[in-house]
Amino acid sequence: TQRLETLSNLEPPRSHLLAASVVGFGGLLACYVACRRKTKAIPMGNGWWGRGQKPLAEEDERIHHFEVKTSDEEIQDLYKRIDQTRYTDPLEDARFHYGFNSTYLRKVVSYWRNEFDWKKQVKVLNKYPHFKTKIEGLDVHFIHVRPPNPPEGQRVRALMLVHGWPGSFFEFYKIIPLLTERKDGLVFEVICPSIPGYGYSEAPHKQGFSGIDAARIFLKLMERLGFSEFYLQGGDWGALVTTVMAQMKPECVRGLHLNFCMARRRGLSMMLSLMIGPYLPFLVGFTREDVKRLFPFMERNVYELLRETGYMHIQATKPDTAGCGVNSSPVGLASYLLEKFSTWTDFKNRDLEDGGLERKFTLDDLLTNVMIYWTTGTIVTSMRFYKENMNRNVQNRLDFMNEVYVPTGVAAFPNELMHCPRSWASLQYKNIRSYSYMARGGHFAAFEEPQLLADDIRQFVKQVEKP
Amino acid sequence: MITEVLLALVLGVVVYVLLLKGKQETLQTEDGWWGIGEPTQIPEDESIQPFRIETSSEEIQDLHRRIDQTRTFPSLEDSQFNYGFNSCYLQKVISYWRNEFDWKKQVEKLNRYPHYKTKIEGIDIHFVHVRPRGLPDGTATIPLLMVHGWPGSFYEFYGILPLLTEPSSPDDIVFEVVCPSLPGYGFSEAPYKKGFNSVCAARLFHKLMKRLGFNQFYAHGGDWGWLVTTNMAQLEPKTIKGLHLNFAPPSKPSLPMMLSIMLGSRFPKLFGFTEHDLKRLFPYMDKVLVESLKETGYMHIQATKPDTVGRALNDSPVGLAAYILEKFSTWTDPEFRNMEDGGLERKFSLEDLLTNVMIYWTTGSIISSMRFYKENFGKGLDEPHSKIPVYVPTALASFPNELMHSPKLWVKQKYHKLISFTPMARGGHFAAMEEPELLAKDIQNFIKILENRKMK
């Protein structure tokens with residue numbers, strides 16, 4: 001009672017202060033509890049994607065060595081088909097505005113037919129060790145690269161890099177040496193899987209295989225490889241898959257690094273930031289660089305996206321039709337895929353007669369990626385991923401509705417398809433430790449600017465591990 | 001003071017309305033040139049050359065070789081036609097095409113009607129011209145222009161041509177029919193320059209009809225043919241005696257349209273909605289918006305990257321067939337998506353379907369046909385022709401499974417002289433090929449109404 005009397009006898013300012021701190025403390029407690037509830041991971045679920053019925057026997061969990069092979073028949077067949085191509089001349093002065101320019105296409109194909117050496121490229125592919133293992137009924141392919149000179153006493157961090165469309169694990173071949181070398185006290189061992197349905201990974205035989213299923217399969221892969229803690233990096237579909245992985249098992253994901261960030265629509269706040277942003281950017285959390293990359297909004301975001309998402313529309317609705325022709329025509333396949341490597345690296349490439357393709361990439365690298373799709377015949381199944389991920393109820397999907405609490409790093413490249421300012425990214429990624437405006441580069445960051453991306457990954461990891 | 005102002009306002013409105021009613025806008029256009037390089041100085045060769053479709057053993061051997069080389073990929077279990085053309089059924093089509101389809105025989109069938117070519121604005125325009133035969137002297141024939149769409153061709157009209165040029169009933173009108181191929185489609189040369197859109201096609205077809213000696217004629221169209229014939233009516237209303245359509249989507253939103261979307265399901269009578277209208281349009285999100293999104297992927301990619309998407313289709317005949325025949329399945333009845341065989345052979349014969357595909361294949365015109373989408377949508381949906389109404393007498397044969405359903409109210413927003421609106425008993429997008437008798441009957445009825453009016 002004496003205590004209580006003392007409390008009630010406090011002078012007004014002091015009692016106000018006490019009341020305020022109680023309320024404040026109560027509020028913080030409530031927030032903490034609420035946050036704790038949110039940090040719950042999204043359920044992993046389960047699946048089985050093999051042919052027919054799931055067998056009763058336990059799955060074979062062994063990891064087999066795999067080697068990319070080719071044959072004279074394969075190469076002769078390719079040449080035969082290339083020689084049969086029926087070209088259509090482009091309209092006068094069309095450049096790349098109607099799609100891949102046929103005049104430049106002839107040059108690419110001539111190189112492919114006469115100078116490109118697939119046997120040599122297969123050796124390049126095999127310079128890193130490849131493996132396959134069965135998960136959920138599918139053979140999952142991946143490469144696993146350990147640092148060449150394992151440092152004594154130093155921790156090697158595990159890092160999984162996930163590709164997108166129309167890329168493959170091959171996009172990472174330039175960045176892998178930059179990550180497995182010891183630098184600034186950081187060294188990585190890198191795992192690059194192929195998404196089921198892409199390249200050397202078996203394609204699902206059942207409907208419904210989405211990014212959530214790919215994420216779960218890759219988590220199982222990491223578990224099977226013996227990693228309890230690891231970093232993730234992704235762009236394009238890889239960004240979706242790694243994000244879901246971080247939502248499913250946040251305790252395993254030490255850090256999530258993205259070079260592609262699709263802003264999830266959060267309605268009002270985004271609308272407001274779009275209306276106020278050009279005039280009072282700082283009010284809505286936009287930097288000057290954000291404004292430069294986002295506005296004029298209609299032109300840069302709406303019209304540009306409309307112009308460039310025809311492929312997404314048809315692949316998300318009729319993948320089997322869209323892929324049918326390209327699976328029999330290597331030149332058709334090359335033109336379909338390489339158009340993206342031109343336009344998504346820089347929209348201005350559409351104004352060039354040659355699409356600016358060889359400014360940032362070599363034909364050898366580009367065609368090796370195309371050959372991965374060609375020799376495995378996976379273009380149709382790679383397209384199906386769009387349909388499975390974009391069905392009607394996408395807004396109600398678990399990964400959309402839930403946030404990401406794992407430490408996240410974003411590398412925002414200037415020529416990315418659509419710019420995502422930090423303020424929008426933080427609507428979903430609640431723990432952004434690093435957000436970098438990159439100096440140059442477009443959508444295929446690892447392929448185009450491996451040094452810049454590697455440096456950003458390293459500085460992000462340093463941020464995460466800061467004591 | 002107030003009364004004066006009010007009076008002035010009322011007078012002003014009356015004058016404005018009268019003027020507006022009196023003013024009938026026509027679409028303006030300028031000549032173009034679509035050949036290679038610069039236009040030649042000498043006056044254009046206006047002669048009309050007879051043309052015969054030909055084939056060769058090499059062509060057929062090449063086709064067979066490519067068919068044999070196809071690398072198909074199995075469809076997902078139990079997916080029917082929901083992911084696009086089903087691989088199991090595709091095998092059946094391939095087998096028929098490779099072993100039973102007789103292109104030489106089909107070419108003879110194509111040549112049964114006389115074909116011609118003539119150069120207009122720098123490119124060769126192909127057309128079929130069917131004059132009725134064995135008519136007693138002095139019988140007047142009625143000229144009719146029929147324009148196809150994508151992925152169709154003049155061949156779509158081969159089933160309906162006899163019903164129009166040699167009708168069995170003596171009461172029926174005997175037509176003289178001209179079926180051109182759109183530039184870039186089939187045997188018509190493709191433009192070499194950018195910018196060839198529906199208005200340009202309309203202008204070219206006007207020149208064609210004049211060159212053939214027709215100063216006034218009727219026009220029929222569906223799919224792109226709808227837009228081209230509509231543009232023709234907007235360019236020269238006095239030349240088009242009547243416009244018959246089996247497809248008429250709205251070209252721009254209007255207030256009555258918006259209101260009917262919002263209130264139509266609750267007050268159908270107010271907007272003149274029939275039960276069929278309600279079934280096709282509501283709930284709007286589902287039946288119209290989502291359905292459109294599901295089916296317009298091809299339109300989106302063709303309107304942006306035609307050269308890319310068409311590239312493989314020009315090398316792989318099976319790829320081309322899958323791409324085109326998917327439309328003949330889904331646009332005939334959307335329920336066909338749930339069938340293992342896509343319901344294709346319920347309404348069409350494989351022979352007819354593949355003949356249409358062969359027209360695209362042998363001419364290598366798939367890319368140029370796709371470019372038409374970019375030329376028409378590239379500048380957005382706000383072109384002058386979408387804002388000008390049509391004052392020519394119009395008829396719409398409204399087929400129940402058409403891609404985009406347009407109730408009478410919406411059609412009247414654009415076509416101010418809608419003489420006839422017929423809900424048809426059955427049929428989808430490819431009306432002439434699927435239901436030639438029904439379509440012919442509707443064309444006959446429409447033209448009879450107009451001709452009787454003229455006689456009075």
# chains A, B, ... in the order shown; residues from 1 in each chain; ligands from 1

call {"tool": "interface_residues", "arguments": {"of": "chain A", "to": "chain B", "cutoff": "6 Å", "atoms": "only C-alpha atoms", "output": "MDAnalysis selection string"}}
result
chainID A and resid 85:86 91:92 98:100 205:206 307 310:311 313:314 317:321 324:326 328:329 332 336

call {"tool": "residues_around", "arguments": {"residues": "Val461 (chain A)", "least_positions_apart": "4", "cutoff": "12 Å", "atoms": "only C-alpha atoms", "output": "number ranges by chain"}}
result
A: 157-159, 179, 184-188, 230-233, 253-257, 407-410, 433-434, 454-457, 465-467

call {"tool": "write_last_selection", "arguments": {"atoms": "C-alpha atoms", "output": "PDB file, in the first residue's frame"}}
result
ATOM      1  CA  ARG A 157      30.140 -20.800 -46.511  1.00  0.00           C
ATOM      2  CA  ALA A 158      27.623 -22.720 -48.582  1.00  0.00           C
ATOM      3  CA  LEU A 159      25.878 -20.698 -51.280  1.00  0.00           C
ATOM      4  CA  LEU A 179      33.077 -16.823 -55.277  1.00  0.00           C
ATOM      5  CA  ASP A 184      38.527 -10.592 -47.835  1.00  0.00           C
ATOM      6  CA  GLY A 185      38.402 -13.601 -45.573  1.00  0.00           C
ATOM      7  CA  LEU A 186      35.313 -14.979 -47.292  1.00  0.00           C
ATOM      8  CA  VAL A 187      35.174 -18.111 -49.390  1.00  0.00           C
ATOM      9  CA  PHE A 188      32.150 -20.004 -50.710  1.00  0.00           C
ATOM     10  CA  PHE A 230      23.572 -21.626 -46.148  1.00  0.00           C
ATOM     11  CA  TYR A 231      23.191 -18.507 -48.260  1.00  0.00           C
ATOM     12  CA  LEU A 232      20.913 -18.139 -51.268  1.00  0.00           C
ATOM     13  CA  GLN A 233      21.154 -16.013 -54.402  1.00  0.00           C
ATOM     14  CA  VAL A 253      18.906 -19.515 -44.556  1.00  0.00           C
ATOM     15  CA  ARG A 254      21.674 -17.305 -43.235  1.00  0.00           C
ATOM     16  CA  GLY A 255      21.096 -14.673 -45.906  1.00  0.00           C
ATOM     17  CA  LEU A 256      19.113 -14.139 -49.097  1.00  0.00           C
ATOM     18  CA  HIS A 257      20.650 -12.139 -51.935  1.00  0.00           C
ATOM     19  CA  PRO A 407      18.577 -11.034 -43.716  1.00  0.00           C
ATOM     20  CA  THR A 408      18.193  -9.905 -47.328  1.00  0.00           C
ATOM     21  CA  GLY A 409      20.407  -8.106 -49.772  1.00  0.00           C
ATOM     22  CA  VAL A 410      19.229  -6.515 -53.002  1.00  0.00           C
ATOM     23  CA  ARG A 433      20.605  -5.372 -44.684  1.00  0.00           C
ATOM     24  CA  SER A 434      21.964  -4.173 -47.968  1.00  0.00           C
ATOM     25  CA  ALA A 454      30.147 -11.184 -56.747  1.00  0.00           C
ATOM     26  CA  ASP A 455      31.405  -8.074 -54.968  1.00  0.00           C
ATOM     27  CA  ASP A 456      27.900  -7.217 -53.865  1.00  0.00           C
ATOM     28  CA  ILE A 457      27.277 -10.731 -52.572  1.00  0.00           C
ATOM     29  CA  GLU A 465      28.022 -11.692 -40.282  1.00  0.00           C
ATOM     30  CA  LYS A 466      29.007  -8.427 -38.639  1.00  0.00           C
ATOM     31  CA  PRO A 467      29.273  -9.098 -34.921  1.00  0.00           C
TER      32      PRO A 467
END

call {"tool": "select_by_dssp", "arguments": {"residues": "region 292-462 of chain A", "states": "strand (DSSP E or B)", "output": "short mmCIF file (atom, residue, chain, number, x, y, z; two decimals) with N, CA and C atoms, in the first residue's frame"}}
result
data_model
loop_
_atom_site.label_atom_id
_atom_site.label_comp_id
_atom_site.auth_asym_id
_atom_site.auth_seq_id
_atom_site.Cartn_x
_atom_site.Cartn_y
_atom_site.Cartn_z
N VAL A 404 9.21 -11.90 -45.45
CA VAL A 404 10.50 -12.59 -45.37
C VAL A 404 11.32 -11.91 -44.28
N THR A 408 18.30 -9.96 -45.87
CA THR A 408 18.19 -9.91 -47.33
C THR A 408 19.09 -8.84 -47.90
N GLY A 409 19.63 -9.11 -49.06
CA GLY A 409 20.41 -8.11 -49.77
C GLY A 409 19.86 -7.98 -51.18
N VAL A 410 19.76 -6.74 -51.66
CA VAL A 410 19.23 -6.52 -53.00
C VAL A 410 20.27 -5.77 -53.83
N ALA A 411 20.57 -6.30 -55.01
CA ALA A 411 21.44 -5.62 -55.96
C ALA A 411 20.54 -5.12 -57.07
N ALA A 412 20.34 -3.80 -57.11
CA ALA A 412 19.41 -3.23 -58.10
C ALA A 412 20.19 -2.78 -59.33
N TYR A 429 10.16 -7.80 -47.79
CA TYR A 429 11.42 -8.25 -47.18
C TYR A 429 11.68 -7.36 -45.98
N ILE A 432 16.01 -6.06 -44.69
CA ILE A 432 16.97 -5.75 -45.75
C ILE A 432 18.22 -5.17 -45.12
N ARG A 433 19.36 -5.88 -45.27
CA ARG A 433 20.61 -5.37 -44.68
C ARG A 433 21.41 -4.59 -45.69
N SER A 434 21.14 -4.83 -46.95
CA SER A 434 21.96 -4.17 -47.97
C SER A 434 21.12 -3.94 -49.21
N TYR A 435 21.15 -2.73 -49.74
CA TYR A 435 20.44 -2.40 -50.98
C TYR A 435 21.40 -1.58 -51.81
N SER A 436 21.84 -2.11 -52.93
CA SER A 436 22.87 -1.41 -53.72
C SER A 436 22.35 -1.03 -55.09
N TYR A 437 22.58 0.24 -55.46
CA TYR A 437 22.33 0.66 -56.83
C TYR A 437 23.57 0.28 -57.63
#

call {"tool": "closest_atom_pairs", "arguments": {"of": "region 382-467 of chain A", "to": "region 368-373 of chain A", "cutoff": "12 Å", "atoms": "only C-alpha atoms", "output": "CSV"}}
result
residue,atom,partner,partner_atom,distance
A:Ser382,CA,A:Tyr373,CA,8.8
A:Met383,CA,A:Tyr373,CA,11.3
A:Phe447,CA,A:Asn369,CA,10.8

call {"tool": "residues_around", "arguments": {"residues": "region 110-119 of chain A", "least_positions_apart": "5", "cutoff": "12 Å", "atoms": "only C-alpha atoms", "output": "VMD selection string"}}
result
chain A and resid 68 to 72 74 to 85 103 to 105 124 to 126 330 to 331 334 362 to 372 374 to 375

call {"tool": "atom_distance", "arguments": {"atom1": "CA of Tyr386 (chain A)", "atom2": "CA of Ala316 (chain A)"}}
result
4.7 Å

call {"tool": "select_by_dssp", "arguments": {"residues": "region 412-447 of chain B", "states": "alpha helix (DSSP H)", "output": "VMD selection string"}}
result
chain B and resid 412 to 414 431 to 434 436 to 447

call {"tool": "atom_distance", "arguments": {"atom1": "CA of Asn391 (chain A)", "atom2": "CA of Glu291 (chain B)"}}
result
12.5 Å
